[in-house]
Amino acid sequence: MSVLELHGVHKLFGDNHVLKGVDLEVDEHEVVVVIGASGSGKSTLMRTINLIERVDDGRILLSGDDITDPAVDVDKVRARIGVVFQHFNLFPHMRVIDNVTLAARKVHGTPADVARDRAVGLLEKFGLGEKVEDYPDRLSGGQQQRVAIVRAILTDPELLLLDEITSALDPMLVGEVLDLVRDLKAQGSTMLMATHEMSFARSVADRIVFMHGGRPLEVGTPEQIFEDPQQPETREFLARIT
Ligand code: ADP
Ligand code: MG
């Protein structure tokens with residue numbers, strides 16, 4: 001079954017037609033990686049799915065539910081999607097444990113002790129067991145980003161959206177974050193991810209989507225896209241970035 005379906009999604013900012021009819025599907029347990037030049041609309045695509053941006057045309061289905069229906073409850077939709085962005089968005093005045101459990105307690109109504117037990121278990125599993133009671137400024141960038149990922153998965157979202165989650169990190173710290181994403185894939189998480197880390201994209205993706213000109217210009221397995229790209233624009237992009 002498809003967790004996510006986009007049908008003819010358009011998004012404009014004034015005259016800037018950023019998404020020009022995007023069709024895309026993400027199946028359950030599938031990892032789809034979006035690549036493309038800066039400004040090609042990767043983040044806008046993510047933001048329309050999370051309903052931060054409303055689409056101008058087209059439909060987005062989450063596990064079959066039309067989330068672009070104007071009558072939809074935006075908070076309820078967002079509660080079904082885990083999101084991690086480029087810049088760590090942990091609350092600086094809250095301890096790690098409170099950052100991680102906040103949405104579960106406030107949005108999902110998970111009892112505080114249940115949320116805490118689950119959060120501590122995940123933090124320990126991902127090497128952050130000693131940081132539970134720390135404030136974010138005591139953590140490295142890589143640790144902060146791993147905390148943000150734990151927060152995003154705490155309530156078992158149907159879909160994880162990861163937008164350039166290593167782009168703001170010291171290169172030394174990228175690996176620990178990508179390892180966590182690999183663990184999530186091994187556990188069967190369904191993910192849509194934008195990244196500039198081509199070797200990582202290649203190793204983790206089930207499918208690669210190359211965004212160009214406001215659409216997925218070429219979609220295929222990592223082998224197809226990296227070994228045998230069909231479109232000249234894909235070849236040019238890959239020659240520039242790798
Ligand atoms: P990418 O993530 O691939 O680098 P973006 O989705 O961030 O691309 O940007 C695509 C285009 O949309 C760019 O031209 C950008 O300037 C424009 N854009 C993105 N967000 C906004 C916004 N909130 N308001 C106006 N223009 C935006
Ligand atoms: Mg972006």
# chains A, B, ... in the order shown; residues from 1 in each chain; ligands from 1
$ select_by_dssp --residues "stretch 45-133 of chain A" --states "strand (DSSP E or B)" --output "PyMOL selection string"
chain A and resi 57-62+65-66+81-84
$ residues_around --residues "A:Glu53" --least-positions-apart "5" --cutoff "9 Å" --atoms "only C-alpha atoms" --output "ChimeraX atom specification"
/A:11,44-48
$ closest_atom_pairs --of "chain A" --to "ligand 2" --cutoff "12 Å" --atoms "only C-alpha atoms and all ligand atoms" --output "Markdown table"
| residue | atom | partner | partner_atom_place_in_ligand_line | distance |
| --- | --- | --- | --- | --- |
| A:Val34 | CA | ligand 2 | 1 (Mg) | 10.2 |
| A:Ile35 | CA | ligand 2 | 1 (Mg) | 9.9 |
| A:Gly36 | CA | ligand 2 | 1 (Mg) | 9.5 |
| A:Ala37 | CA | ligand 2 | 1 (Mg) | 9.1 |
| A:Ser38 | CA | ligand 2 | 1 (Mg) | 6.6 |
| A:Gly39 | CA | ligand 2 | 1 (Mg) | 7.0 |
| A:Ser40 | CA | ligand 2 | 1 (Mg) | 8.2 |
| A:Gly41 | CA | ligand 2 | 1 (Mg) | 6.9 |
| A:Lys42 | CA | ligand 2 | 1 (Mg) | 5.3 |
| A:Ser43 | CA | ligand 2 | 1 (Mg) | 4.0 |
| A:Thr44 | CA | ligand 2 | 1 (Mg) | 7.3 |
| A:Leu45 | CA | ligand 2 | 1 (Mg) | 9.0 |
| A:Met46 | CA | ligand 2 | 1 (Mg) | 8.7 |
| A:Arg47 | CA | ligand 2 | 1 (Mg) | 9.8 |
| A:Phe85 | CA | ligand 2 | 1 (Mg) | 9.1 |
| A:Gln86 | CA | ligand 2 | 1 (Mg) | 8.3 |
| A:His87 | CA | ligand 2 | 1 (Mg) | 11.1 |
| A:Leu162 | CA | ligand 2 | 1 (Mg) | 10.4 |
| A:Asp163 | CA | ligand 2 | 1 (Mg) | 6.6 |
| A:Glu164 | CA | ligand 2 | 1 (Mg) | 6.7 |
| A:Ile165 | CA | ligand 2 | 1 (Mg) | 10.0 |
| A:Thr166 | CA | ligand 2 | 1 (Mg) | 11.7 |
| A:Ser167 | CA | ligand 2 | 1 (Mg) | 9.6 |
| A:Ala168 | CA | ligand 2 | 1 (Mg) | 11.7 |
| A:Met193 | CA | ligand 2 | 1 (Mg) | 10.6 |
| A:Ala194 | CA | ligand 2 | 1 (Mg) | 7.5 |
| A:Thr195 | CA | ligand 2 | 1 (Mg) | 8.5 |
| A:His196 | CA | ligand 2 | 1 (Mg) | 9.7 |
| A:Met211 | CA | ligand 2 | 1 (Mg) | 11.5 |
$ write_last_selection --atoms "N, CA and C atoms" --output "PDB file, in the first residue's frame"
ATOM      1  N   VAL A  34      15.200  12.181  -2.546  1.00  0.00           N
ATOM      2  CA  VAL A  34      15.044  13.231  -3.541  1.00  0.00           C
ATOM      3  C   VAL A  34      16.364  13.967  -3.679  1.00  0.00           C
ATOM      4  N   ILE A  35      16.867  14.022  -4.912  1.00  0.00           N
ATOM      5  CA  ILE A  35      18.077  14.787  -5.195  1.00  0.00           C
ATOM      6  C   ILE A  35      17.724  15.848  -6.234  1.00  0.00           C
ATOM      7  N   GLY A  36      18.629  16.807  -6.393  1.00  0.00           N
ATOM      8  CA  GLY A  36      18.395  17.873  -7.366  1.00  0.00           C
ATOM      9  C   GLY A  36      19.100  19.133  -6.918  1.00  0.00           C
ATOM     10  N   ALA A  37      19.289  20.045  -7.867  1.00  0.00           N
ATOM     11  CA  ALA A  37      20.038  21.267  -7.582  1.00  0.00           C
ATOM     12  C   ALA A  37      19.354  22.073  -6.484  1.00  0.00           C
ATOM     13  N   SER A  38      20.133  22.901  -5.856  1.00  0.00           N
ATOM     14  CA  SER A  38      19.600  23.857  -4.891  1.00  0.00           C
ATOM     15  C   SER A  38      18.564  24.726  -5.610  1.00  0.00           C
ATOM     16  N   GLY A  39      17.405  24.903  -5.010  1.00  0.00           N
ATOM     17  CA  GLY A  39      16.343  25.689  -5.626  1.00  0.00           C
ATOM     18  C   GLY A  39      15.415  24.878  -6.507  1.00  0.00           C
ATOM     19  N   SER A  40      15.648  23.572  -6.622  1.00  0.00           N
ATOM     20  CA  SER A  40      14.800  22.749  -7.498  1.00  0.00           C
ATOM     21  C   SER A  40      13.464  22.385  -6.847  1.00  0.00           C
ATOM     22  N   GLY A  41      13.287  22.730  -5.596  1.00  0.00           N
ATOM     23  CA  GLY A  41      11.978  22.545  -4.969  1.00  0.00           C
ATOM     24  C   GLY A  41      11.891  21.377  -3.991  1.00  0.00           C
ATOM     25  N   LYS A  42      13.019  20.825  -3.594  1.00  0.00           N
ATOM     26  CA  LYS A  42      13.001  19.675  -2.677  1.00  0.00           C
ATOM     27  C   LYS A  42      12.342  20.030  -1.340  1.00  0.00           C
ATOM     28  N   SER A  43      12.771  21.152  -0.775  1.00  0.00           N
ATOM     29  CA  SER A  43      12.203  21.536   0.525  1.00  0.00           C
ATOM     30  C   SER A  43      10.737  21.923   0.388  1.00  0.00           C
ATOM     31  N   THR A  44      10.407  22.593  -0.692  1.00  0.00           N
ATOM     32  CA  THR A  44       9.006  22.959  -0.905  1.00  0.00           C
ATOM     33  C   THR A  44       8.135  21.708  -0.988  1.00  0.00           C
ATOM     34  N   LEU A  45       8.656  20.695  -1.666  1.00  0.00           N
ATOM     35  CA  LEU A  45       7.937  19.420  -1.760  1.00  0.00           C
ATOM     36  C   LEU A  45       7.673  18.856  -0.363  1.00  0.00           C
ATOM     37  N   MET A  46       8.709  18.826   0.458  1.00  0.00           N
ATOM     38  CA  MET A  46       8.556  18.321   1.833  1.00  0.00           C
ATOM     39  C   MET A  46       7.528  19.139   2.613  1.00  0.00           C
ATOM     40  N   ARG A  47       7.604  20.462   2.413  1.00  0.00           N
ATOM     41  CA  ARG A  47       6.748  21.349   3.202  1.00  0.00           C
ATOM     42  C   ARG A  47       5.285  21.267   2.773  1.00  0.00           C
ATOM     43  N   PHE A  85      14.396  18.617  10.012  1.00  0.00           N
ATOM     44  CA  PHE A  85      14.925  19.557   9.041  1.00  0.00           C
ATOM     45  C   PHE A  85      16.424  19.756   9.230  1.00  0.00           C
ATOM     46  N   GLN A  86      16.961  20.609   8.376  1.00  0.00           N
ATOM     47  CA  GLN A  86      18.397  20.851   8.357  1.00  0.00           C
ATOM     48  C   GLN A  86      18.888  21.440   9.676  1.00  0.00           C
ATOM     49  N   HIS A  87      18.174  22.427  10.148  1.00  0.00           N
ATOM     50  CA  HIS A  87      18.630  23.092  11.366  1.00  0.00           C
ATOM     51  C   HIS A  87      17.953  22.450  12.554  1.00  0.00           C
ATOM     52  N   LEU A 162      12.706  13.753   5.934  1.00  0.00           N
ATOM     53  CA  LEU A 162      14.031  14.194   6.380  1.00  0.00           C
ATOM     54  C   LEU A 162      14.589  15.132   5.323  1.00  0.00           C
ATOM     55  N   ASP A 163      14.735  16.413   5.668  1.00  0.00           N
ATOM     56  CA  ASP A 163      15.168  17.398   4.678  1.00  0.00           C
ATOM     57  C   ASP A 163      16.576  17.886   4.993  1.00  0.00           C
ATOM     58  N   GLU A 164      17.550  17.389   4.242  1.00  0.00           N
ATOM     59  CA  GLU A 164      18.950  17.834   4.368  1.00  0.00           C
ATOM     60  C   GLU A 164      19.396  17.795   5.828  1.00  0.00           C
ATOM     61  N   ILE A 165      19.175  16.682   6.471  1.00  0.00           N
ATOM     62  CA  ILE A 165      19.394  16.659   7.920  1.00  0.00           C
ATOM     63  C   ILE A 165      20.868  16.668   8.313  1.00  0.00           C
ATOM     64  N   THR A 166      21.765  16.498   7.339  1.00  0.00           N
ATOM     65  CA  THR A 166      23.198  16.562   7.680  1.00  0.00           C
ATOM     66  C   THR A 166      23.881  17.801   7.115  1.00  0.00           C
ATOM     67  N   SER A 167      23.132  18.658   6.424  1.00  0.00           N
ATOM     68  CA  SER A 167      23.770  19.772   5.697  1.00  0.00           C
ATOM     69  C   SER A 167      24.407  20.807   6.605  1.00  0.00           C
ATOM     70  N   ALA A 168      23.902  20.950   7.822  1.00  0.00           N
ATOM     71  CA  ALA A 168      24.454  21.972   8.712  1.00  0.00           C
ATOM     72  C   ALA A 168      25.505  21.392   9.649  1.00  0.00           C
ATOM     73  N   MET A 193      13.258  11.533   1.784  1.00  0.00           N
ATOM     74  CA  MET A 193      14.420  12.251   2.284  1.00  0.00           C
ATOM     75  C   MET A 193      15.057  13.048   1.173  1.00  0.00           C
ATOM     76  N   ALA A 194      15.433  14.298   1.458  1.00  0.00           N
ATOM     77  CA  ALA A 194      16.237  15.078   0.519  1.00  0.00           C
ATOM     78  C   ALA A 194      17.649  15.134   1.061  1.00  0.00           C
ATOM     79  N   THR A 195      18.625  14.906   0.201  1.00  0.00           N
ATOM     80  CA  THR A 195      20.016  14.957   0.675  1.00  0.00           C
ATOM     81  C   THR A 195      20.970  15.302  -0.453  1.00  0.00           C
ATOM     82  N   HIS A 196      22.108  15.881  -0.052  1.00  0.00           N
ATOM     83  CA  HIS A 196      23.218  16.093  -0.981  1.00  0.00           C
ATOM     84  C   HIS A 196      24.296  15.027  -0.827  1.00  0.00           C
ATOM     85  N   MET A 211      14.838  15.754  -9.029  1.00  0.00           N
ATOM     86  CA  MET A 211      13.953  16.902  -9.259  1.00  0.00           C
ATOM     87  C   MET A 211      14.637  17.895 -10.187  1.00  0.00           C
TER      88      MET A 211
END
$ residues_around --residues "A:Lys106" --least-positions-apart "4" --cutoff "12 Å" --atoms "only C-alpha atoms" --output "count of residues only"
12
$ residues_around --residues "stretch 122-131 of chain A" --least-positions-apart "3" --cutoff "9 Å" --atoms "only C-alpha atoms" --output "list in words"
Arg95, Val96, Ile97, Asp117, Arg118, Ala119, Asp134, Tyr135, Pro136, Arg138, Leu139, Gln143, Arg146, Val147, Val150, Leu154 and Leu180 of chain A
$ residues_around --residues "A:Leu51" --least-positions-apart "2" --cutoff "12 Å" --atoms "only C-alpha atoms" --output "ChimeraX atom specification"
/A:11,44-49,53-56,59-62,66-70,72-81,83
$ closest_residue --among "A:Arg151, A:His212, A:Arg202, A:His7" --to "ligand 1" --atoms "only C-alpha atoms and all ligand atoms"
A:His212
$ select_by_dssp --residues "stretch 47-216 of chain A" --states "helix (DSSP H, G or I)" --output "ChimeraX atom specification"
/A:47-49,74-79,96-106,112-125,129-131,136-138,141-153,171-186,198-204
$ residues_around --residues "A:Gly58" --least-positions-apart "3" --cutoff "8 Å" --atoms "only C-alpha atoms" --output "PDB file with C-alpha atoms, in the first residue's frame"
ATOM      1  CA  LEU A   6       1.178  13.000  -4.816  1.00  0.00           C
ATOM      2  CA  HIS A   7      -0.967  13.629  -7.853  1.00  0.00           C
ATOM      3  CA  GLY A   8      -0.257  16.662 -10.042  1.00  0.00           C
ATOM      4  CA  VAL A   9       0.965  18.848  -7.198  1.00  0.00           C
ATOM      5  CA  HIS A  10       1.606  22.478  -8.084  1.00  0.00           C
ATOM      6  CA  GLY A  21       2.786  18.908 -11.421  1.00  0.00           C
ATOM      7  CA  VAL A  55      -0.642  23.288  -2.632  1.00  0.00           C
TER       8      VAL A  55
END
$ atom_distance --atom1 "atom CA of A:Ser63" --atom2 "atom CA of A:Phe13"
27.7 Å
$ atom_distance --atom1 "atom CA of A:Thr242" --atom2 "atom CA of A:Pro222"
14.1 Å
$ atom_distance --atom1 "atom CA of A:Glu158" --atom2 "atom 9 (O, counted along the ligand's line) of ligand 1"
25.2 Å
$ closest_residue --among "A:Lys185, A:Arg240, A:Arg215, A:Arg235" --to "ligand 1" --atoms "only C-alpha atoms and all ligand atoms"
A:Arg215
$ closest_residue --among "A:Glu236, A:Asp113, A:Asp156, A:Asp15" --to "ligand 1" --atoms "only C-alpha atoms and all ligand atoms"
A:Asp15
